[in-house]
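> There's a structure below that I have some questions on.
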Amino acid sequence: MTETTSHPREGVSREWNYRPEGSVETNPLFAWPPRPIATLIWLKKSWLELSASLLWLVLAGAVYAWLQPTYETMRELTPAWMLQIWARNVGLICLLAGGLHLWLYRYRRQGKLLKFDHRDQAENNGNFSFRNQLFDNMFWTLASSVSFWTLWEIAYFWSAANGWVPTLSIAGNPTWFVAMFLIIPIWSSFHFYWVHRLLHWPPLYRAAHALHHRNINVGPWSGISMHPIESFLFYTTFLFHWVVASHPVHFLFHAYYQSLGPVLSHSGFEGLVVRDKKQLEMGTFYHQLHHRYFECNYGTMEMPWDRWFGSFHDGSEEGTKAARTRMREKLVTRVGN
């Protein structure tokens with residue numbers, strides 16, 4: 001996916017350095033009346049062009065083919081292969097989040113082109129562990145989220161190696177095998193919305209989710225910078241594979257969609273610019289609005305839960321006013337309690 005990066009809305013307001021034109025959109029698959037052409041275009045952008053989903057699919061296949069311990073090895077819980085899984089996950093998150101941070105924030109290879117927020121990452125700020133946003137995010141990503149991601153991954157492969165989860169092969173059911181790559185993002189969106197709404201329940205918000213929301217101005221390491229309570233809930237999405245027949249490649253795709261995807265979506269930039277062209281879609285204004293206004297866009301663009309439950313912010317001034325009203329009402333409720 002390439003396009004020129006000149007954009008009439010760059011530096012458009014005091015509130016945003018950049019925001020996309022028009023209203024925020026969600027997956028047209030769930031539109032009524034149906035929008036088949038728009039749905040096909042959405043799928044084309046997701047799977048037939050350079051996209052995050054395609055990257056996670058290729059990565060899952062490569063890891064399974066070349067970096068995966070054998071089932072015979074994984075039938076027993078031994079430190080060697082479990083540490084291999086952990087090191088692999090640490091390496092992937094450091095390579096992606098670290099690489100993007102260097103490109104976007106340390107060396108500023110695209111300046112503030114397509115950057116949503118005017119501000120840089122916070123330093124000498126007491127809201128963050130170590131008084132530094134980058135160090136805070138790196139610590140909670142590696143200590144909390146990568147740990148839970150790895151534990152679930154170990155649990156799945158140990159269970160699969162011992163025949164304790166339903167399995168699927170491409171030879172046995174090629175249609176379902178392919179369909180699973182379309183179903184997993186929808187399931188992930190469903191799970192994320194409801195877990196996220198739960199995390200905005202005041203007691204859980206104060207205990208756990210407030211840590212993630214320190215990041216009003218997000219960066220690549222913000223994506224899975226989460227309190228252990230939130231990390232545990234976030235990764236229960238993997239229970240899907242104990243219920244629905246799948247292949248280890250599906251699990252790895254799900255893991256990278258869930259863990260590496262937020263690195264891109266929290267990058268703070270709409271796209272990665274290389275040689276003056278946008279080569280890859282990254283951050284979404286949809287979720288950027290949630291980090292700015294809190295009480296809106298709890299879900300993802302894959303499913304219109306926010307539309308259905310009245311918390312959708314389409315990027316307009318009216319959406320901002322509605323989100324701020326919900327925030328004030330919630331603050332009044334908290335004070336009253």
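By order of appearance in the structure tokens: chains A, B, ..., then residues from 1 within every chain, and ligands from 1 in the order shown.
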Extract, using only C-alpha atoms, all DNA, RNA and protein residues at most 12 Å from A:Arg14, discarding same-chain residues fewer than 5 positions from it, and format them as a PyMOL selection string.
chain A and resi 9+19+116-119
> Please identify all polymer residues within 12 Å of A:Ala31, counting only C-alpha atoms, omitting same-chain residues fewer than 3 positions from it, and present them as a list in words.
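Residues meeting the cut-off are Glu25, Thr26, Asn27, Pro28, Pro34, Arg35, Pro36, Ile37, Ala38, Thr39, Glu302, Met303, Pro304, Trp305, Arg307 and Trp308 of chain A.
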> Which is closest to A:His291 among A:Leu95, A:Tyr257, A:Arg214, A:Phe251, if we use only C-alpha atoms?
A:Arg214
> Can you tell me, as a tab-separated table (two decimals) with all heavy atoms, in the first residue's frame, what residues are no more than 9 Å from A:Trp149 when counting only C-alpha atoms, ignoring any on the same chain fewer than 2 positions away?

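Produced file result.tsv, reproduced below:
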chain	number	residue	atom	x	y	z
A	86	TRP	N	9.42	-17.60	25.46
A	86	TRP	CA	9.52	-16.29	26.09
A	86	TRP	C	10.54	-15.40	25.36
A	86	TRP	O	10.25	-14.23	25.06
A	86	TRP	CB	9.94	-16.45	27.56
A	86	TRP	CG	10.23	-15.14	28.24
A	86	TRP	CD1	9.33	-14.25	28.74
A	86	TRP	CD2	11.53	-14.57	28.46
A	86	TRP	NE1	9.98	-13.16	29.27
A	86	TRP	CE2	11.34	-13.33	29.11
A	86	TRP	CE3	12.83	-14.99	28.18
A	86	TRP	CZ2	12.40	-12.51	29.47
A	86	TRP	CZ3	13.88	-14.18	28.54
A	86	TRP	CH2	13.66	-12.95	29.18
A	89	ASN	N	9.16	-14.10	22.09
A	89	ASN	CA	8.18	-13.03	22.24
A	89	ASN	C	8.85	-11.71	22.65
A	89	ASN	O	8.48	-10.64	22.15
A	89	ASN	CB	7.11	-13.43	23.26
A	89	ASN	CG	6.24	-14.56	22.76
A	89	ASN	OD1	6.19	-14.83	21.56
A	89	ASN	ND2	5.56	-15.24	23.67
A	144	SER	N	4.85	-7.33	32.44
A	144	SER	CA	3.46	-7.75	32.62
A	144	SER	C	2.91	-8.45	31.37
A	144	SER	O	2.65	-9.66	31.38
A	144	SER	CB	2.60	-6.54	32.97
A	144	SER	OG	1.23	-6.89	33.09
A	145	SER	N	2.76	-7.71	30.29
A	145	SER	CA	2.03	-8.26	29.14
A	145	SER	C	2.76	-9.39	28.44
A	145	SER	O	2.15	-10.41	28.08
A	145	SER	CB	1.70	-7.14	28.15
A	145	SER	OG	0.77	-6.25	28.73
A	146	VAL	N	4.06	-9.24	28.20
A	146	VAL	CA	4.79	-10.33	27.54
A	146	VAL	C	4.77	-11.58	28.41
A	146	VAL	O	4.72	-12.70	27.90
A	146	VAL	CB	6.22	-9.89	27.18
A	146	VAL	CG1	7.02	-11.09	26.65
A	146	VAL	CG2	6.20	-8.79	26.13
A	147	SER	N	4.77	-11.40	29.71
A	147	SER	CA	4.72	-12.56	30.61
A	147	SER	C	3.40	-13.31	30.45
A	147	SER	O	3.40	-14.55	30.31
A	147	SER	CB	4.89	-12.10	32.07
A	147	SER	OG	6.16	-11.51	32.26
A	151	LEU	N	2.77	-17.05	28.90
A	151	LEU	CA	2.13	-18.11	29.69
A	151	LEU	C	0.97	-18.74	28.93
A	151	LEU	O	0.81	-19.97	28.92
A	151	LEU	CB	1.65	-17.54	31.03
A	151	LEU	CG	2.74	-17.24	32.05
A	151	LEU	CD1	2.17	-16.49	33.25
A	151	LEU	CD2	3.42	-18.54	32.52
A	152	TRP	N	0.15	-17.91	28.29
A	152	TRP	CA	-0.96	-18.46	27.50
A	152	TRP	C	-0.43	-19.27	26.31
A	152	TRP	O	-0.99	-20.31	25.95
A	152	TRP	CB	-1.86	-17.33	27.00
A	152	TRP	CG	-2.85	-16.86	28.01
A	152	TRP	CD1	-2.80	-15.71	28.75
A	152	TRP	CD2	-4.06	-17.52	28.42
A	152	TRP	NE1	-3.89	-15.61	29.57
A	152	TRP	CE2	-4.68	-16.71	29.39
A	152	TRP	CE3	-4.68	-18.71	28.04
A	152	TRP	CZ2	-5.88	-17.04	30.00
A	152	TRP	CZ3	-5.87	-19.06	28.65
A	152	TRP	CH2	-6.46	-18.24	29.61
A	153	GLU	N	0.63	-18.78	25.68
A	153	GLU	CA	1.20	-19.48	24.53
A	153	GLU	C	1.76	-20.83	24.95
A	153	GLU	O	1.54	-21.85	24.26
A	153	GLU	CB	2.28	-18.61	23.88
A	153	GLU	CG	2.71	-19.11	22.51
A	153	GLU	CD	3.50	-18.07	21.74
A	153	GLU	OE1	3.26	-16.87	21.92
A	153	GLU	OE2	4.36	-18.49	20.94
A	154	ILE	N	2.46	-20.86	26.07
A	154	ILE	CA	2.99	-22.12	26.59
A	154	ILE	C	1.84	-23.08	26.91
A	154	ILE	O	1.89	-24.27	26.57
A	154	ILE	CB	3.85	-21.86	27.84
A	154	ILE	CG1	5.17	-21.20	27.43
A	154	ILE	CG2	4.12	-23.17	28.60
A	154	ILE	CD1	5.97	-20.67	28.60
A	231	SER	N	-3.50	-7.21	31.89
A	231	SER	CA	-2.84	-8.16	30.99
A	231	SER	C	-3.51	-9.53	31.06
A	231	SER	O	-3.74	-10.17	30.03
A	231	SER	CB	-1.35	-8.29	31.35
A	231	SER	OG	-0.67	-7.09	31.12
A	232	PHE	N	-3.82	-9.97	32.27
A	232	PHE	CA	-4.49	-11.26	32.42
A	232	PHE	C	-5.83	-11.26	31.69
A	232	PHE	O	-6.12	-12.18	30.91
A	232	PHE	CB	-4.71	-11.58	33.90
A	232	PHE	CG	-5.61	-12.77	34.12
A	232	PHE	CD1	-5.13	-14.06	33.93
A	232	PHE	CD2	-6.94	-12.61	34.47
A	232	PHE	CE1	-5.96	-15.16	34.09
A	232	PHE	CE2	-7.78	-13.70	34.63
A	232	PHE	CZ	-7.29	-14.99	34.44
A	235	TYR	N	-5.56	-11.15	27.75
A	235	TYR	CA	-5.12	-12.36	27.06
A	235	TYR	C	-6.05	-13.56	27.26
A	235	TYR	O	-5.79	-14.63	26.71
A	235	TYR	CB	-3.69	-12.70	27.45
A	235	TYR	CG	-2.69	-11.81	26.75
A	235	TYR	CD1	-1.94	-10.88	27.46
A	235	TYR	CD2	-2.52	-11.89	25.37
A	235	TYR	CE1	-1.03	-10.05	26.81
A	235	TYR	CE2	-1.63	-11.07	24.72
A	235	TYR	CZ	-0.88	-10.16	25.43
A	235	TYR	OH	0.00	-9.34	24.77
A	255	ALA	N	-1.95	-14.47	18.44
A	255	ALA	CA	-1.01	-13.90	19.40
A	255	ALA	C	-0.37	-12.63	18.86
A	255	ALA	O	-0.21	-11.63	19.58
A	255	ALA	CB	0.06	-14.92	19.75
A	259	SER	N	-0.87	-8.93	20.25
A	259	SER	CA	0.29	-8.38	20.97
A	259	SER	C	1.12	-7.41	20.14
A	259	SER	O	1.61	-6.41	20.67
A	259	SER	CB	1.18	-9.53	21.45
A	259	SER	OG	0.46	-10.43	22.25
> With only C-alpha atoms as the basis for distance, which of A:Leu331, A:Leu40, A:Leu48, A:Leu57 is at the shortest distance from A:Trp201?
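For A:Trp201, the nearest of the given residues is A:Leu331.
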> Kindly indicate which residue among A:Ile229, A:Ala161, A:Ala179, A:Leu264 lies nearest to A:Trp56, using only C-alpha atoms for the distances.
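The shortest atom-to-atom distance to A:Trp56 comes from A:Leu264.
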> Could you check which of A:Thr325, A:Leu83, A:Ala171, A:Leu233 is closest to A:His191, using only C-alpha atoms?
A:Leu233
> Could you name the residues that touch A:Leu168 at 8 Å or less, counting only C-alpha atoms, but leaving out those on the same chain fewer than 2 positions away, as a list in words?
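Residues near the query, excluding close chain neighbours: Pro166, Ile170, Gly172, Asn173, Phe177, Ala245, Ser246 and His247 of chain A.
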> Could you dump the residues just selected with C-alpha atoms as an mmCIF file, in the first residue's frame?

data_model
loop_
_atom_site.group_PDB
_atom_site.id
_atom_site.type_symbol
_atom_site.label_atom_id
_atom_site.label_comp_id
_atom_site.auth_asym_id
_atom_site.auth_seq_id
_atom_site.Cartn_x
_atom_site.Cartn_y
_atom_site.Cartn_z
ATOM 1 C CA PRO A 166 -9.585 -29.223 19.277
ATOM 2 C CA ILE A 170 -5.588 -27.372 6.115
ATOM 3 C CA GLY A 172 -8.880 -31.787 6.455
ATOM 4 C CA ASN A 173 -10.892 -28.579 6.051
ATOM 5 C CA PHE A 177 -8.722 -23.172 7.855
ATOM 6 C CA ALA A 245 -10.909 -26.119 16.394
ATOM 7 C CA SER A 246 -7.817 -24.345 15.106
ATOM 8 C CA HIS A 247 -4.242 -24.878 13.967
#
> Please return as a list in words: the residues of stretch 259-323 of chain A that backbone DSSP assigns to helix (DSSP H, G or I).
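Of stretch 259-323 of chain A, only Ser259, Gly261, Pro262, Val263, Leu264, Ser265, Phe285, Tyr286, His287, Gln288, Leu289, His290, His291, Arg292, Tyr293, Trp305, Asp306, Arg307, Trp308, Glu317, Glu318, Gly319, Thr320, Lys321, Ala322 and Ala323 of chain A fall in helix (DSSP H, G or I).
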> Rank A:Gly310, A:Gly319, A:Gly283, A:Gly268 by their smallest atom-to-atom distance to A:Lys112, using only C-alpha atoms, and report the top residue only.
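Comparing A:Gly310, A:Gly319, A:Gly283, A:Gly268 against A:Lys112, the winner is A:Gly268.
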> If we count only C-alpha atoms, what is near A:His209 at a cut-off of 8 Å, once residues fewer than 6 positions away on the same chain are taken out, given as a PyMOL selection string?
chain A and resi 199-200+226-227+230
> So which one's closest to A:Tyr64, A:Phe234, A:Phe157, A:Phe30, A:Trp47? Using only C-alpha atoms, please.
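Looking at the shortest contact to A:Tyr64, the residue is A:Phe157.
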> Within stretch 102-308 of chain A, find each residue whose DSSP state, derived from the backbone, is strand (DSSP E), and express the selection as a ChimeraX atom specification.
/A:271-274,277-281
> What does the file look like for those residues with all heavy atoms, as an mmCIF file, in the first residue's frame?

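Result file follows (selection-v8.cif):
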data_model
loop_
_atom_site.group_PDB
_atom_site.id
_atom_site.type_symbol
_atom_site.label_atom_id
_atom_site.label_comp_id
_atom_site.auth_asym_id
_atom_site.auth_seq_id
_atom_site.Cartn_x
_atom_site.Cartn_y
_atom_site.Cartn_z
ATOM 1 N N GLY A 271 0.454 6.312 9.665
ATOM 2 C CA GLY A 271 1.142 5.427 8.739
ATOM 3 C C GLY A 271 2.647 5.542 8.840
ATOM 4 O O GLY A 271 3.192 6.516 9.372
ATOM 5 N N LEU A 272 3.311 4.518 8.331
ATOM 6 C CA LEU A 272 4.770 4.488 8.262
ATOM 7 C C LEU A 272 5.196 5.052 6.917
ATOM 8 O O LEU A 272 4.810 4.528 5.861
ATOM 9 C CB LEU A 272 5.278 3.057 8.422
ATOM 10 C CG LEU A 272 6.790 2.862 8.367
ATOM 11 C CD1 LEU A 272 7.459 3.502 9.572
ATOM 12 C CD2 LEU A 272 7.131 1.371 8.289
ATOM 13 N N VAL A 273 5.985 6.104 6.948
ATOM 14 C CA VAL A 273 6.420 6.774 5.725
ATOM 15 C C VAL A 273 7.866 6.413 5.434
ATOM 16 O O VAL A 273 8.746 6.607 6.274
ATOM 17 C CB VAL A 273 6.274 8.306 5.852
ATOM 18 C CG1 VAL A 273 6.807 9.003 4.600
ATOM 19 C CG2 VAL A 273 4.815 8.681 6.097
ATOM 20 N N VAL A 274 8.085 5.859 4.258
ATOM 21 C CA VAL A 274 9.429 5.521 3.795
ATOM 22 C C VAL A 274 9.570 6.046 2.374
ATOM 23 O O VAL A 274 8.705 5.791 1.531
ATOM 24 C CB VAL A 274 9.679 3.997 3.833
ATOM 25 C CG1 VAL A 274 11.097 3.690 3.363
ATOM 26 C CG2 VAL A 274 9.448 3.439 5.230
ATOM 27 N N LYS A 277 6.598 8.056 0.920
ATOM 28 C CA LYS A 277 5.327 7.400 0.645
ATOM 29 C C LYS A 277 4.863 6.633 1.883
ATOM 30 O O LYS A 277 5.681 6.070 2.607
ATOM 31 C CB LYS A 277 5.426 6.448 -0.549
ATOM 32 C CG LYS A 277 5.630 7.140 -1.886
ATOM 33 C CD LYS A 277 5.604 6.141 -3.021
ATOM 34 C CE LYS A 277 5.839 6.817 -4.376
ATOM 35 N NZ LYS A 277 4.747 7.739 -4.714
ATOM 36 N N LYS A 278 3.545 6.612 2.099
ATOM 37 C CA LYS A 278 3.003 5.824 3.203
ATOM 38 C C LYS A 278 2.984 4.366 2.784
ATOM 39 O O LYS A 278 2.222 3.965 1.918
ATOM 40 C CB LYS A 278 1.598 6.297 3.585
ATOM 41 C CG LYS A 278 1.044 5.555 4.803
ATOM 42 C CD LYS A 278 -0.193 6.220 5.387
ATOM 43 C CE LYS A 278 -1.380 6.122 4.483
ATOM 44 N NZ LYS A 278 -2.613 6.627 5.145
ATOM 45 N N GLN A 279 3.826 3.579 3.435
ATOM 46 C CA GLN A 279 3.989 2.182 3.051
ATOM 47 C C GLN A 279 3.093 1.242 3.847
ATOM 48 O O GLN A 279 2.801 0.139 3.391
ATOM 49 C CB GLN A 279 5.453 1.763 3.242
ATOM 50 C CG GLN A 279 6.455 2.636 2.523
ATOM 51 C CD GLN A 279 6.442 2.452 1.017
ATOM 52 O OE1 GLN A 279 5.795 1.551 0.494
ATOM 53 N NE2 GLN A 279 7.142 3.317 0.303
ATOM 54 N N LEU A 280 2.687 1.650 5.045
ATOM 55 C CA LEU A 280 1.926 0.752 5.915
ATOM 56 C C LEU A 280 0.996 1.560 6.806
ATOM 57 O O LEU A 280 1.420 2.538 7.428
ATOM 58 C CB LEU A 280 2.896 -0.058 6.798
ATOM 59 C CG LEU A 280 2.278 -1.022 7.816
ATOM 60 C CD1 LEU A 280 1.586 -2.184 7.091
ATOM 61 C CD2 LEU A 280 3.348 -1.547 8.772
ATOM 62 N N GLU A 281 -0.277 1.152 6.861
ATOM 63 C CA GLU A 281 -1.215 1.748 7.810
ATOM 64 C C GLU A 281 -0.827 1.291 9.218
ATOM 65 O O GLU A 281 -0.541 0.121 9.444
ATOM 66 C CB GLU A 281 -2.641 1.286 7.510
ATOM 67 C CG GLU A 281 -3.162 1.673 6.132
ATOM 68 C CD GLU A 281 -3.547 3.136 6.042
ATOM 69 O OE1 GLU A 281 -3.597 3.810 7.097
ATOM 70 O OE2 GLU A 281 -3.801 3.609 4.918
#
